[in-house]
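Quick notes on the structure that follows.
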Amino acid sequence: MVSYKELGLVNSKELFKKAIEGKYAIPAYNFNNMEQLQAIISACVETKSPVILQVSSGARKYANQTLLRYMAQGAVQYAKELGYEIPIVLHLDHGDSFELCKDCIDNGFSSVMIDGSQLPYEENVALTKKVVDYAHQHDVTVEGELGILAGIEDDVVAEHHTYTQPDEVVDFVTRTGVDSLAISIGTSHGANKFTPEQCTRDEDGRLVPPPLRFDILEEIEKRIPGFPIVLHGSSSVPQEYVDTINKYGGALKDSIGIPEEQLRHAAESAVCKVNIDSDGRLAMTAKIREVMANKPAEFDPRKYLGPAREELKKLYMHKTKNVLGSAGKA
Ligand code: G3H
Ligand code: 13P
Ligand code: ZN
């Protein structure tokens with residue numbers, strides 16, 4: 001058993017409390033490799049932002065669970081070396097079983113998500129409660145989910161949104177004891193959130209996707225005032241990255257993400273954790289493709305992974321400062 005406390009990590013309890021009071025959201029960035037981790041930590045140290053490092057089950061398979069744990073421990077030391085100590089949470093993203101959550105809790109995670117959103121309601125309650133009962137013995141925080149996001153999550157594809165039903169939230173949080181709740185109000189996973197056909201155009205001709213269901217969020221806030229809410233699928237899919245990828249040989253479809261103004265608005269509410277993965281993937285791929293195309297003789301991975309890491313850092317700094325409002329809150 002390795003406790004996250006020995007690794008210098010924190011759980012999300014205090015961070016969420018402060019985020020709700022201060023009307024901002026903590027970034028939850030996924031990582032799978034060293035360059036992503038370096039970019040996340042250096043961006044959050046430089047902007048003095050707390051951060052949630054997210055590991056999916058796919059990331060655990062890709063990078064190896066033991067290595068990831070040492071990387072998170074290393075991240076705590078790296079932040080200190082960079083000159084400013086920020087609170088760092090190590091979080092399991094989309095845990096799908098009690099066994100996976102337990103394994104993460106036993107191996108240094110300070111927070112886990114148990115995603116029973118695809119299960120019948122009573123089964124979601126039972127599974128989430130089982131994880132909470134174990135996690136809380138170890139002072140680990142737990143995120144549950146109600147409602148289903150459209151899009152792809154690991155191998156599960158949902159065609160349509162199943163919005164969170166405000167009528168269920170009081171029962172769910174009281175019976176499970178979860179510390180935070182992920183909800184479905186129109187965000188979705190991946191780079192293809194909205195097609196141009198689903199959008200309208202503003203006066204400058206830019207595509208505008210259908211707005212998030214803030215009415216549902218407000219209803220939820222009324223039922224569970226001050227309870228920490230989580231938004232998954234919150235990448236904005238920056239057009240310049242899509243264009244760069246396609247310019248240098250990529251084949252991404254036209255896609256529109258969640259507009260930054262809507263995320264800014266959400267961050268001022270009880271939404272205190274915002275999950276972003278796809279934007280980082282796009283930034284990295286765009287930069288690597290650009291370097292590969294412009295310097296075809298280059299074969300030192302540092303020469304394309306280094307610039308990709310810089311681009312990622314720029315992206316994360318922008319999110320904490322201009323979108324989530326977490327800069328200066330560490
Ligand atoms: O919600 C899913 C995250 O973006 C993680 O994706 O399962 O491909 O690592 P992944
Ligand atoms: P995006 O695919 O929009 O980045 O969402 C990531 C996410 O929700 C991870 O859990
Ligand atoms: Zn997610």
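Residues are referred to by chain and number: the chain letter is A, B, ... according to the order shown in the structure tokens, the number counts from 1 in that chain, and ligands are numbered separately from 1 in the order shown.
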
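Neighbours of Val55 (chain A) closer than or equal to 10 Å, with only C-alpha atoms counted and sequence neighbours fewer than 3 positions away skipped, come out as Ala28, Tyr29, Asn30, Phe31, Asn32, Ile52, Gly58, Ala59, Arg60, Ala63, Gln65, Leu68, Arg69, Leu90, His91, Leu92, Asp93, His94, Gly95, Cys104, Phe109 and Val112 of chain A.
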
Just to be explicit: take each residue in the selection above, keep N, CA and C atoms, and write the result as a PDB file, in the first residue's frame.
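In the end it all went to part.pdb:
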```pdb
ATOM      1  N   ALA A  28      -8.265  19.688 -15.042  1.00  0.00           N
ATOM      2  CA  ALA A  28      -7.953  18.262 -14.938  1.00  0.00           C
ATOM      3  C   ALA A  28      -7.441  17.830 -16.304  1.00  0.00           C
ATOM      4  N   TYR A  29      -6.111  17.697 -16.381  1.00  0.00           N
ATOM      5  CA  TYR A  29      -5.460  17.380 -17.656  1.00  0.00           C
ATOM      6  C   TYR A  29      -5.011  15.927 -17.663  1.00  0.00           C
ATOM      7  N   ASN A  30      -5.300  15.221 -18.749  1.00  0.00           N
ATOM      8  CA  ASN A  30      -4.855  13.826 -18.879  1.00  0.00           C
ATOM      9  C   ASN A  30      -3.392  13.783 -19.293  1.00  0.00           C
ATOM     10  N   PHE A  31      -2.673  12.791 -18.789  1.00  0.00           N
ATOM     11  CA  PHE A  31      -1.302  12.590 -19.289  1.00  0.00           C
ATOM     12  C   PHE A  31      -1.012  11.114 -19.482  1.00  0.00           C
ATOM     13  N   ASN A  32      -0.140  10.857 -20.437  1.00  0.00           N
ATOM     14  CA  ASN A  32       0.272   9.492 -20.802  1.00  0.00           C
ATOM     15  C   ASN A  32       1.778   9.379 -20.926  1.00  0.00           C
ATOM     16  N   ILE A  52      -5.076  18.948 -11.408  1.00  0.00           N
ATOM     17  CA  ILE A  52      -5.445  17.536 -11.277  1.00  0.00           C
ATOM     18  C   ILE A  52      -4.824  16.791 -12.454  1.00  0.00           C
ATOM     19  N   GLY A  58      -6.716   3.542 -20.070  1.00  0.00           N
ATOM     20  CA  GLY A  58      -5.882   3.414 -21.277  1.00  0.00           C
ATOM     21  C   GLY A  58      -4.470   3.922 -21.015  1.00  0.00           C
ATOM     22  N   ALA A  59      -4.361   5.000 -20.258  1.00  0.00           N
ATOM     23  CA  ALA A  59      -3.037   5.559 -19.927  1.00  0.00           C
ATOM     24  C   ALA A  59      -2.253   4.582 -19.067  1.00  0.00           C
ATOM     25  N   ARG A  60      -2.962   3.923 -18.154  1.00  0.00           N
ATOM     26  CA  ARG A  60      -2.292   2.928 -17.290  1.00  0.00           C
ATOM     27  C   ARG A  60      -1.726   1.778 -18.123  1.00  0.00           C
ATOM     28  N   ALA A  63       1.311   3.418 -20.366  1.00  0.00           N
ATOM     29  CA  ALA A  63       2.551   3.909 -19.754  1.00  0.00           C
ATOM     30  C   ALA A  63       3.059   3.042 -18.615  1.00  0.00           C
ATOM     31  N   GLN A  65       1.431   1.315 -14.860  1.00  0.00           N
ATOM     32  CA  GLN A  65       0.903   1.957 -13.655  1.00  0.00           C
ATOM     33  C   GLN A  65       1.997   2.356 -12.658  1.00  0.00           C
ATOM     34  N   LEU A  68       3.739   5.464 -13.914  1.00  0.00           N
ATOM     35  CA  LEU A  68       2.888   6.655 -13.771  1.00  0.00           C
ATOM     36  C   LEU A  68       2.917   7.182 -12.342  1.00  0.00           C
ATOM     37  N   ARG A  69       2.910   6.250 -11.391  1.00  0.00           N
ATOM     38  CA  ARG A  69       2.937   6.676  -9.982  1.00  0.00           C
ATOM     39  C   ARG A  69       4.250   7.408  -9.664  1.00  0.00           C
ATOM     40  N   LEU A  90      -3.572  13.352  -7.971  1.00  0.00           N
ATOM     41  CA  LEU A  90      -3.440  12.277  -8.969  1.00  0.00           C
ATOM     42  C   LEU A  90      -4.776  11.533  -9.006  1.00  0.00           C
ATOM     43  N   HIS A  91      -5.440  11.604 -10.146  1.00  0.00           N
ATOM     44  CA  HIS A  91      -6.843  11.180 -10.254  1.00  0.00           C
ATOM     45  C   HIS A  91      -7.028  10.095 -11.319  1.00  0.00           C
ATOM     46  N   LEU A  92      -7.788   9.071 -10.985  1.00  0.00           N
ATOM     47  CA  LEU A  92      -8.167   8.057 -11.984  1.00  0.00           C
ATOM     48  C   LEU A  92      -9.368   8.580 -12.766  1.00  0.00           C
ATOM     49  N   ASP A  93      -9.213   8.637 -14.090  1.00  0.00           N
ATOM     50  CA  ASP A  93     -10.271   9.135 -14.968  1.00  0.00           C
ATOM     51  C   ASP A  93     -11.114   7.949 -15.461  1.00  0.00           C
ATOM     52  N   HIS A  94     -12.411   8.029 -15.309  1.00  0.00           N
ATOM     53  CA  HIS A  94     -13.329   6.989 -15.806  1.00  0.00           C
ATOM     54  C   HIS A  94     -13.015   5.578 -15.313  1.00  0.00           C
ATOM     55  N   GLY A  95     -12.811   5.434 -14.016  1.00  0.00           N
ATOM     56  CA  GLY A  95     -12.672   4.086 -13.456  1.00  0.00           C
ATOM     57  C   GLY A  95     -13.962   3.316 -13.715  1.00  0.00           C
ATOM     58  N   CYS A 104      -5.861   1.650  -7.734  1.00  0.00           N
ATOM     59  CA  CYS A 104      -5.297   3.005  -7.813  1.00  0.00           C
ATOM     60  C   CYS A 104      -5.144   3.600  -6.411  1.00  0.00           C
ATOM     61  N   PHE A 109      -2.921   6.973  -5.739  1.00  0.00           N
ATOM     62  CA  PHE A 109      -3.862   7.972  -6.270  1.00  0.00           C
ATOM     63  C   PHE A 109      -4.559   8.671  -5.100  1.00  0.00           C
ATOM     64  N   VAL A 112     -10.304   9.280  -7.198  1.00  0.00           N
ATOM     65  CA  VAL A 112     -10.704   8.354  -8.271  1.00  0.00           C
ATOM     66  C   VAL A 112     -12.091   8.725  -8.777  1.00  0.00           C
TER      67      VAL A 112
END
```

Could you give me, as a list in words, the residues within 7 Å of region 139-148 of chain A, counting only C-alpha atoms and dropping anything in the same chain fewer than 6 positions from it? Asn11, Ser12, Lys13, Ser110, Ser111, Val112, Met113, Ile114, Asp115, Gly116, Ser117, Gln118, Thr128, Val132, His161, Thr162, Tyr163, Thr164, Val178, Asp179, Ser180, Leu181, Ala182, Ile183 and Ser184 of chain A

Store the residues picked out above in a file with N, CA and C atoms, as a compact mmCIF listing (two decimals), in the first residue's frame.
```
# COMPACT_ATOMS: atom_id res chain seq x y z
N ASN A 11 -5.64 15.30 -1.92
CA ASN A 11 -6.93 14.94 -2.52
C ASN A 11 -7.63 16.24 -2.95
N SER A 12 -8.83 16.11 -3.50
CA SER A 12 -9.42 17.30 -4.13
C SER A 12 -10.37 18.07 -3.20
N LYS A 13 -10.57 17.61 -1.98
CA LYS A 13 -11.59 18.20 -1.11
C LYS A 13 -11.45 19.72 -0.91
N SER A 110 -4.80 9.97 -5.27
CA SER A 110 -5.45 10.73 -4.19
C SER A 110 -6.92 10.95 -4.49
N SER A 111 -7.36 10.54 -5.67
CA SER A 111 -8.72 10.78 -6.11
C SER A 111 -9.07 9.76 -7.20
N VAL A 112 -10.30 9.28 -7.20
CA VAL A 112 -10.70 8.35 -8.27
C VAL A 112 -12.09 8.73 -8.78
N MET A 113 -12.31 8.43 -10.05
CA MET A 113 -13.67 8.53 -10.58
C MET A 113 -14.20 7.12 -10.75
N ILE A 114 -15.39 6.87 -10.24
CA ILE A 114 -16.06 5.62 -10.59
C ILE A 114 -17.20 6.01 -11.53
N ASP A 115 -17.10 5.57 -12.75
CA ASP A 115 -18.06 5.96 -13.77
C ASP A 115 -19.08 4.85 -13.99
N GLY A 116 -20.17 4.96 -13.25
CA GLY A 116 -21.25 3.98 -13.41
C GLY A 116 -22.38 4.55 -14.23
N SER A 117 -22.08 5.59 -15.01
CA SER A 117 -23.15 6.33 -15.70
C SER A 117 -23.88 5.48 -16.73
N GLN A 118 -23.23 4.45 -17.23
CA GLN A 118 -23.89 3.61 -18.24
C GLN A 118 -24.77 2.53 -17.59
N THR A 128 -20.93 2.91 -6.90
CA THR A 128 -20.29 4.16 -6.45
C THR A 128 -20.11 4.14 -4.93
N VAL A 132 -16.74 4.54 -2.70
CA VAL A 132 -16.64 5.61 -1.70
C VAL A 132 -16.27 5.01 -0.34
N HIS A 161 -26.68 12.64 -26.20
CA HIS A 161 -26.56 13.00 -24.79
C HIS A 161 -27.74 12.42 -24.02
N THR A 162 -27.47 11.89 -22.84
CA THR A 162 -28.55 11.64 -21.89
C THR A 162 -28.28 12.62 -20.77
N TYR A 163 -29.02 13.73 -20.76
CA TYR A 163 -28.73 14.77 -19.78
C TYR A 163 -28.97 14.27 -18.36
N THR A 164 -28.20 14.81 -17.43
CA THR A 164 -28.39 14.48 -16.01
C THR A 164 -29.78 14.93 -15.58
N VAL A 178 -20.53 10.42 -2.45
CA VAL A 178 -19.47 10.93 -3.35
C VAL A 178 -19.07 12.35 -2.98
N ASP A 179 -17.86 12.73 -3.38
CA ASP A 179 -17.33 14.07 -3.08
C ASP A 179 -17.59 15.05 -4.22
N SER A 180 -17.82 14.52 -5.42
CA SER A 180 -18.11 15.41 -6.55
C SER A 180 -18.93 14.62 -7.57
N LEU A 181 -19.60 15.36 -8.44
CA LEU A 181 -20.51 14.72 -9.40
C LEU A 181 -20.26 15.23 -10.82
N ALA A 182 -19.96 14.30 -11.72
CA ALA A 182 -19.84 14.66 -13.14
C ALA A 182 -21.23 14.63 -13.75
N ILE A 183 -21.53 15.65 -14.55
CA ILE A 183 -22.88 15.75 -15.11
C ILE A 183 -22.83 15.86 -16.64
N SER A 184 -23.96 15.60 -17.25
CA SER A 184 -24.08 15.68 -18.70
C SER A 184 -25.00 16.85 -19.05
```

Got a sec to check which residues lie within 10 Å of ligand 3, using only C-alpha atoms and all ligand atoms, and send them as a list in words?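 Every residue with an atom at most 10 Å from ligand 3 is listed here: Ala28, Asn30, Gln54, Ser56, Asp93, His94, Met113, Asp115, Glu145, Leu149, Gly151, Ile152, Glu153, Asp154, Ala182, Thr187, Ser188, His189, Gly190, Val230, Leu231, His232, Gly233, Ser234, Val274, Asn275, Ile276 and Asp277 of chain A.
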
Please save N, CA and C atoms of the selected residues as a PDB file, in the first residue's frame.
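The resulting file, part_17.pdb, is shown below:
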```pdb
ATOM      1  N   ALA A  28      -8.265  19.688 -15.042  1.00  0.00           N
ATOM      2  CA  ALA A  28      -7.953  18.262 -14.938  1.00  0.00           C
ATOM      3  C   ALA A  28      -7.441  17.830 -16.304  1.00  0.00           C
ATOM      4  N   ASN A  30      -5.300  15.221 -18.749  1.00  0.00           N
ATOM      5  CA  ASN A  30      -4.855  13.826 -18.879  1.00  0.00           C
ATOM      6  C   ASN A  30      -3.392  13.783 -19.293  1.00  0.00           C
ATOM      7  N   GLN A  54      -4.719  13.618 -14.563  1.00  0.00           N
ATOM      8  CA  GLN A  54      -5.667  12.520 -14.791  1.00  0.00           C
ATOM      9  C   GLN A  54      -5.013  11.374 -15.537  1.00  0.00           C
ATOM     10  N   SER A  56      -6.177   7.785 -17.303  1.00  0.00           N
ATOM     11  CA  SER A  56      -7.280   6.898 -17.708  1.00  0.00           C
ATOM     12  C   SER A  56      -6.799   5.452 -17.622  1.00  0.00           C
ATOM     13  N   ASP A  93      -9.213   8.637 -14.090  1.00  0.00           N
ATOM     14  CA  ASP A  93     -10.271   9.135 -14.968  1.00  0.00           C
ATOM     15  C   ASP A  93     -11.114   7.949 -15.461  1.00  0.00           C
ATOM     16  N   HIS A  94     -12.411   8.029 -15.309  1.00  0.00           N
ATOM     17  CA  HIS A  94     -13.329   6.989 -15.806  1.00  0.00           C
ATOM     18  C   HIS A  94     -13.015   5.578 -15.313  1.00  0.00           C
ATOM     19  N   MET A 113     -12.312   8.434 -10.050  1.00  0.00           N
ATOM     20  CA  MET A 113     -13.668   8.534 -10.583  1.00  0.00           C
ATOM     21  C   MET A 113     -14.200   7.119 -10.751  1.00  0.00           C
ATOM     22  N   ASP A 115     -17.097   5.567 -12.752  1.00  0.00           N
ATOM     23  CA  ASP A 115     -18.059   5.965 -13.769  1.00  0.00           C
ATOM     24  C   ASP A 115     -19.082   4.850 -13.991  1.00  0.00           C
ATOM     25  N   GLU A 145     -20.743   9.800 -11.498  1.00  0.00           N
ATOM     26  CA  GLU A 145     -21.336  10.426 -12.691  1.00  0.00           C
ATOM     27  C   GLU A 145     -22.791  10.022 -12.862  1.00  0.00           C
ATOM     28  N   LEU A 149     -22.614  11.292 -21.532  1.00  0.00           N
ATOM     29  CA  LEU A 149     -22.139  12.232 -22.544  1.00  0.00           C
ATOM     30  C   LEU A 149     -22.178  11.553 -23.906  1.00  0.00           C
ATOM     31  N   GLY A 151     -20.574  10.817 -27.540  1.00  0.00           N
ATOM     32  CA  GLY A 151     -19.179  10.710 -27.959  1.00  0.00           C
ATOM     33  C   GLY A 151     -18.551   9.410 -27.523  1.00  0.00           C
ATOM     34  N   ILE A 152     -17.207   9.380 -27.626  1.00  0.00           N
ATOM     35  CA  ILE A 152     -16.497   8.128 -27.360  1.00  0.00           C
ATOM     36  C   ILE A 152     -15.769   8.232 -26.032  1.00  0.00           C
ATOM     37  N   GLU A 153     -15.943   7.229 -25.176  1.00  0.00           N
ATOM     38  CA  GLU A 153     -15.252   7.126 -23.901  1.00  0.00           C
ATOM     39  C   GLU A 153     -14.614   5.753 -23.873  1.00  0.00           C
ATOM     40  N   ASP A 154     -13.303   5.688 -23.900  1.00  0.00           N
ATOM     41  CA  ASP A 154     -12.624   4.402 -24.085  1.00  0.00           C
ATOM     42  C   ASP A 154     -13.250   3.708 -25.301  1.00  0.00           C
ATOM     43  N   ALA A 182     -19.956  14.303 -11.724  1.00  0.00           N
ATOM     44  CA  ALA A 182     -19.836  14.656 -13.141  1.00  0.00           C
ATOM     45  C   ALA A 182     -21.233  14.628 -13.748  1.00  0.00           C
ATOM     46  N   THR A 187     -21.733  18.663 -23.134  1.00  0.00           N
ATOM     47  CA  THR A 187     -20.341  18.464 -23.560  1.00  0.00           C
ATOM     48  C   THR A 187     -20.202  17.017 -24.045  1.00  0.00           C
ATOM     49  N   SER A 188     -19.128  16.737 -24.765  1.00  0.00           N
ATOM     50  CA  SER A 188     -18.911  15.347 -25.193  1.00  0.00           C
ATOM     51  C   SER A 188     -17.420  15.085 -25.361  1.00  0.00           C
ATOM     52  N   HIS A 189     -17.051  13.829 -25.337  1.00  0.00           N
ATOM     53  CA  HIS A 189     -15.639  13.463 -25.419  1.00  0.00           C
ATOM     54  C   HIS A 189     -15.116  13.516 -26.856  1.00  0.00           C
ATOM     55  N   GLY A 190     -13.809  13.725 -26.971  1.00  0.00           N
ATOM     56  CA  GLY A 190     -13.148  13.625 -28.267  1.00  0.00           C
ATOM     57  C   GLY A 190     -13.098  14.941 -29.026  1.00  0.00           C
ATOM     58  N   VAL A 230     -18.535  18.468 -11.850  1.00  0.00           N
ATOM     59  CA  VAL A 230     -17.427  18.224 -12.785  1.00  0.00           C
ATOM     60  C   VAL A 230     -17.948  18.215 -14.217  1.00  0.00           C
ATOM     61  N   LEU A 231     -17.194  18.856 -15.114  1.00  0.00           N
ATOM     62  CA  LEU A 231     -17.545  18.804 -16.542  1.00  0.00           C
ATOM     63  C   LEU A 231     -16.502  18.004 -17.301  1.00  0.00           C
ATOM     64  N   HIS A 232     -16.925  16.914 -17.879  1.00  0.00           N
ATOM     65  CA  HIS A 232     -16.050  16.144 -18.782  1.00  0.00           C
ATOM     66  C   HIS A 232     -16.191  16.732 -20.190  1.00  0.00           C
ATOM     67  N   GLY A 233     -15.381  16.222 -21.101  1.00  0.00           N
ATOM     68  CA  GLY A 233     -15.542  16.565 -22.516  1.00  0.00           C
ATOM     69  C   GLY A 233     -15.494  18.057 -22.788  1.00  0.00           C
ATOM     70  N   SER A 234     -14.526  18.751 -22.159  1.00  0.00           N
ATOM     71  CA  SER A 234     -14.541  20.214 -22.214  1.00  0.00           C
ATOM     72  C   SER A 234     -13.426  20.820 -23.064  1.00  0.00           C
ATOM     73  N   VAL A 274     -12.724  20.796 -14.547  1.00  0.00           N
ATOM     74  CA  VAL A 274     -13.004  20.777 -15.980  1.00  0.00           C
ATOM     75  C   VAL A 274     -11.975  19.865 -16.655  1.00  0.00           C
ATOM     76  N   ASN A 275     -12.478  18.836 -17.333  1.00  0.00           N
ATOM     77  CA  ASN A 275     -11.600  17.813 -17.931  1.00  0.00           C
ATOM     78  C   ASN A 275     -11.213  18.173 -19.359  1.00  0.00           C
ATOM     79  N   ILE A 276      -9.910  18.188 -19.606  1.00  0.00           N
ATOM     80  CA  ILE A 276      -9.411  18.533 -20.939  1.00  0.00           C
ATOM     81  C   ILE A 276      -8.321  17.548 -21.343  1.00  0.00           C
ATOM     82  N   ASP A 277      -8.569  16.840 -22.419  1.00  0.00           N
ATOM     83  CA  ASP A 277      -7.589  15.892 -22.952  1.00  0.00           C
ATOM     84  C   ASP A 277      -7.356  16.157 -24.439  1.00  0.00           C
TER      85      ASP A 277
END
```

Out of A:Val45, A:Lys193, A:Tyr316, A:Ala25, which residue has the shortest atom-to-atom distance to Ala158 (chain A) when counting only C-alpha atoms? A:Lys193

With a distance cut-off of 12 Å and only C-alpha atoms, select the neighbouring residues of Ile224 (chain A), excluding the residue or stretch itself and same-chain residues fewer than 5 positions from it, and output the selection as a VMD selection string. chain A and resid 166 to 174 179 to 181 217 to 219 229 270

Export, as a PDB file, in the first residue's frame, the selected residues with N, CA, C and O atoms.
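Full text of selection-v7.pdb as output:
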```pdb
ATOM      1  N   PRO A 166     -31.980  16.391 -12.851  1.00  0.00           N
ATOM      2  CA  PRO A 166     -31.837  17.060 -11.543  1.00  0.00           C
ATOM      3  C   PRO A 166     -32.565  16.315 -10.431  1.00  0.00           C
ATOM      4  O   PRO A 166     -32.108  16.314  -9.283  1.00  0.00           O
ATOM      5  N   ASP A 167     -33.663  15.629 -10.775  1.00  0.00           N
ATOM      6  CA  ASP A 167     -34.432  14.911  -9.745  1.00  0.00           C
ATOM      7  C   ASP A 167     -33.640  13.783  -9.091  1.00  0.00           C
ATOM      8  O   ASP A 167     -34.008  13.322  -8.020  1.00  0.00           O
ATOM      9  N   GLU A 168     -32.599  13.333  -9.742  1.00  0.00           N
ATOM     10  CA  GLU A 168     -31.848  12.190  -9.189  1.00  0.00           C
ATOM     11  C   GLU A 168     -30.682  12.589  -8.294  1.00  0.00           C
ATOM     12  O   GLU A 168     -30.157  11.747  -7.563  1.00  0.00           O
ATOM     13  N   VAL A 169     -30.248  13.864  -8.382  1.00  0.00           N
ATOM     14  CA  VAL A 169     -28.936  14.176  -7.793  1.00  0.00           C
ATOM     15  C   VAL A 169     -28.900  14.114  -6.263  1.00  0.00           C
ATOM     16  O   VAL A 169     -27.906  13.656  -5.689  1.00  0.00           O
ATOM     17  N   VAL A 170     -29.974  14.543  -5.598  1.00  0.00           N
ATOM     18  CA  VAL A 170     -29.961  14.528  -4.126  1.00  0.00           C
ATOM     19  C   VAL A 170     -29.849  13.095  -3.629  1.00  0.00           C
ATOM     20  O   VAL A 170     -29.013  12.759  -2.778  1.00  0.00           O
ATOM     21  N   ASP A 171     -30.699  12.237  -4.200  1.00  0.00           N
ATOM     22  CA  ASP A 171     -30.686  10.823  -3.809  1.00  0.00           C
ATOM     23  C   ASP A 171     -29.297  10.221  -4.061  1.00  0.00           C
ATOM     24  O   ASP A 171     -28.740   9.525  -3.217  1.00  0.00           O
ATOM     25  N   PHE A 172     -28.710  10.520  -5.239  1.00  0.00           N
ATOM     26  CA  PHE A 172     -27.429   9.917  -5.608  1.00  0.00           C
ATOM     27  C   PHE A 172     -26.305  10.359  -4.671  1.00  0.00           C
ATOM     28  O   PHE A 172     -25.553   9.531  -4.156  1.00  0.00           O
ATOM     29  N   VAL A 173     -26.202  11.651  -4.423  1.00  0.00           N
ATOM     30  CA  VAL A 173     -25.061  12.092  -3.603  1.00  0.00           C
ATOM     31  C   VAL A 173     -25.240  11.680  -2.135  1.00  0.00           C
ATOM     32  O   VAL A 173     -24.263  11.366  -1.471  1.00  0.00           O
ATOM     33  N   THR A 174     -26.480  11.657  -1.654  1.00  0.00           N
ATOM     34  CA  THR A 174     -26.643  11.264  -0.237  1.00  0.00           C
ATOM     35  C   THR A 174     -26.442   9.764  -0.050  1.00  0.00           C
ATOM     36  O   THR A 174     -25.777   9.334   0.886  1.00  0.00           O
ATOM     37  N   ASP A 179     -17.857  12.726  -3.378  1.00  0.00           N
ATOM     38  CA  ASP A 179     -17.329  14.068  -3.080  1.00  0.00           C
ATOM     39  C   ASP A 179     -17.586  15.047  -4.215  1.00  0.00           C
ATOM     40  O   ASP A 179     -17.523  16.257  -4.022  1.00  0.00           O
ATOM     41  N   SER A 180     -17.820  14.524  -5.419  1.00  0.00           N
ATOM     42  CA  SER A 180     -18.113  15.412  -6.554  1.00  0.00           C
ATOM     43  C   SER A 180     -18.933  14.621  -7.570  1.00  0.00           C
ATOM     44  O   SER A 180     -18.935  13.379  -7.551  1.00  0.00           O
ATOM     45  N   LEU A 181     -19.602  15.358  -8.441  1.00  0.00           N
ATOM     46  CA  LEU A 181     -20.508  14.717  -9.398  1.00  0.00           C
ATOM     47  C   LEU A 181     -20.265  15.234 -10.816  1.00  0.00           C
ATOM     48  O   LEU A 181     -20.356  16.446 -11.063  1.00  0.00           O
ATOM     49  N   LEU A 217     -27.858  22.727 -15.297  1.00  0.00           N
ATOM     50  CA  LEU A 217     -26.838  22.982 -14.272  1.00  0.00           C
ATOM     51  C   LEU A 217     -27.434  23.800 -13.113  1.00  0.00           C
ATOM     52  O   LEU A 217     -27.232  23.481 -11.935  1.00  0.00           O
ATOM     53  N   GLU A 218     -28.202  24.825 -13.457  1.00  0.00           N
ATOM     54  CA  GLU A 218     -28.805  25.662 -12.404  1.00  0.00           C
ATOM     55  C   GLU A 218     -29.776  24.863 -11.533  1.00  0.00           C
ATOM     56  O   GLU A 218     -29.803  25.013 -10.314  1.00  0.00           O
ATOM     57  N   GLU A 219     -30.549  23.994 -12.179  1.00  0.00           N
ATOM     58  CA  GLU A 219     -31.481  23.132 -11.413  1.00  0.00           C
ATOM     59  C   GLU A 219     -30.704  22.238 -10.450  1.00  0.00           C
ATOM     60  O   GLU A 219     -31.089  22.047  -9.300  1.00  0.00           O
ATOM     61  N   ILE A 229     -19.283  20.171  -8.797  1.00  0.00           N
ATOM     62  CA  ILE A 229     -19.731  19.607 -10.076  1.00  0.00           C
ATOM     63  C   ILE A 229     -18.539  19.519 -11.040  1.00  0.00           C
ATOM     64  O   ILE A 229     -17.667  20.396 -11.039  1.00  0.00           O
ATOM     65  N   ALA A 270     -20.936  26.174  -9.763  1.00  0.00           N
ATOM     66  CA  ALA A 270     -20.452  25.070  -8.907  1.00  0.00           C
ATOM     67  C   ALA A 270     -19.545  24.110  -9.673  1.00  0.00           C
ATOM     68  O   ALA A 270     -19.029  23.152  -9.092  1.00  0.00           O
TER      69      ALA A 270
END
```

Identify which of the residues A:Thr66, A:Gln137, A:Thr47, A:Ser235 lies closest to Met317 (chain A), counting only C-alpha atoms when measuring atom-to-atom distances.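 Comparing A:Thr66, A:Gln137, A:Thr47, A:Ser235 against Met317 (chain A), the winner is A:Thr47.
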
Spatial neighbours of Tyr248 (chain A), 7 Å, only C-alpha atoms, chain gap at least 5 places, as a VMD selection string: chain A and resid 289 to 290 293

File dump, residues just selected, N, CA and C atoms, as a short mmCIF file (atom, residue, chain, number, x, y, z; two decimals), in the first residue's frame:
```cif
data_model
loop_
_atom_site.label_atom_id
_atom_site.label_comp_id
_atom_site.auth_asym_id
_atom_site.auth_seq_id
_atom_site.Cartn_x
_atom_site.Cartn_y
_atom_site.Cartn_z
N ARG A 289 3.62 17.43 -36.42
CA ARG A 289 3.45 17.40 -37.89
C ARG A 289 4.19 18.57 -38.54
N GLU A 290 4.09 19.74 -37.92
CA GLU A 290 4.74 20.93 -38.50
C GLU A 290 6.25 20.73 -38.55
N ALA A 293 7.25 18.14 -41.12
CA ALA A 293 7.11 18.61 -42.51
C ALA A 293 8.21 19.61 -42.87
#
```

Polymer residues at most 10 Å from Glu261 (chain A), only C-alpha atoms, same-chain spacing of 4 or more positions, as a PyMOL selection string: chain A and resi 265-267+322-324

How would the residues just picked look written out with N, CA, C and O atoms as a compact mmCIF listing (two decimals), in the first residue's frame?
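selection33.txt, freshly written:
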```txt
# COMPACT_ATOMS: atom_id res chain seq x y z
N HIS A 265 -18.03 30.69 -18.15
CA HIS A 265 -19.31 30.84 -17.45
C HIS A 265 -19.50 29.67 -16.48
O HIS A 265 -19.86 29.86 -15.31
N ALA A 266 -19.23 28.46 -16.96
CA ALA A 266 -19.39 27.26 -16.11
C ALA A 266 -18.45 27.33 -14.91
O ALA A 266 -18.83 26.98 -13.78
N ALA A 267 -17.23 27.80 -15.14
CA ALA A 267 -16.23 27.82 -14.06
C ALA A 267 -16.64 28.74 -12.91
O ALA A 267 -16.21 28.57 -11.78
N ASN A 322 -6.99 32.23 -18.78
CA ASN A 322 -8.07 32.92 -19.50
C ASN A 322 -9.39 32.16 -19.56
O ASN A 322 -10.39 32.71 -20.01
N VAL A 323 -9.40 30.88 -19.19
CA VAL A 323 -10.64 30.12 -19.32
C VAL A 323 -11.17 29.66 -17.95
O VAL A 323 -12.31 29.92 -17.60
N LEU A 324 -10.32 29.00 -17.18
CA LEU A 324 -10.81 28.40 -15.93
C LEU A 324 -10.66 29.32 -14.73
O LEU A 324 -11.31 29.12 -13.71
```
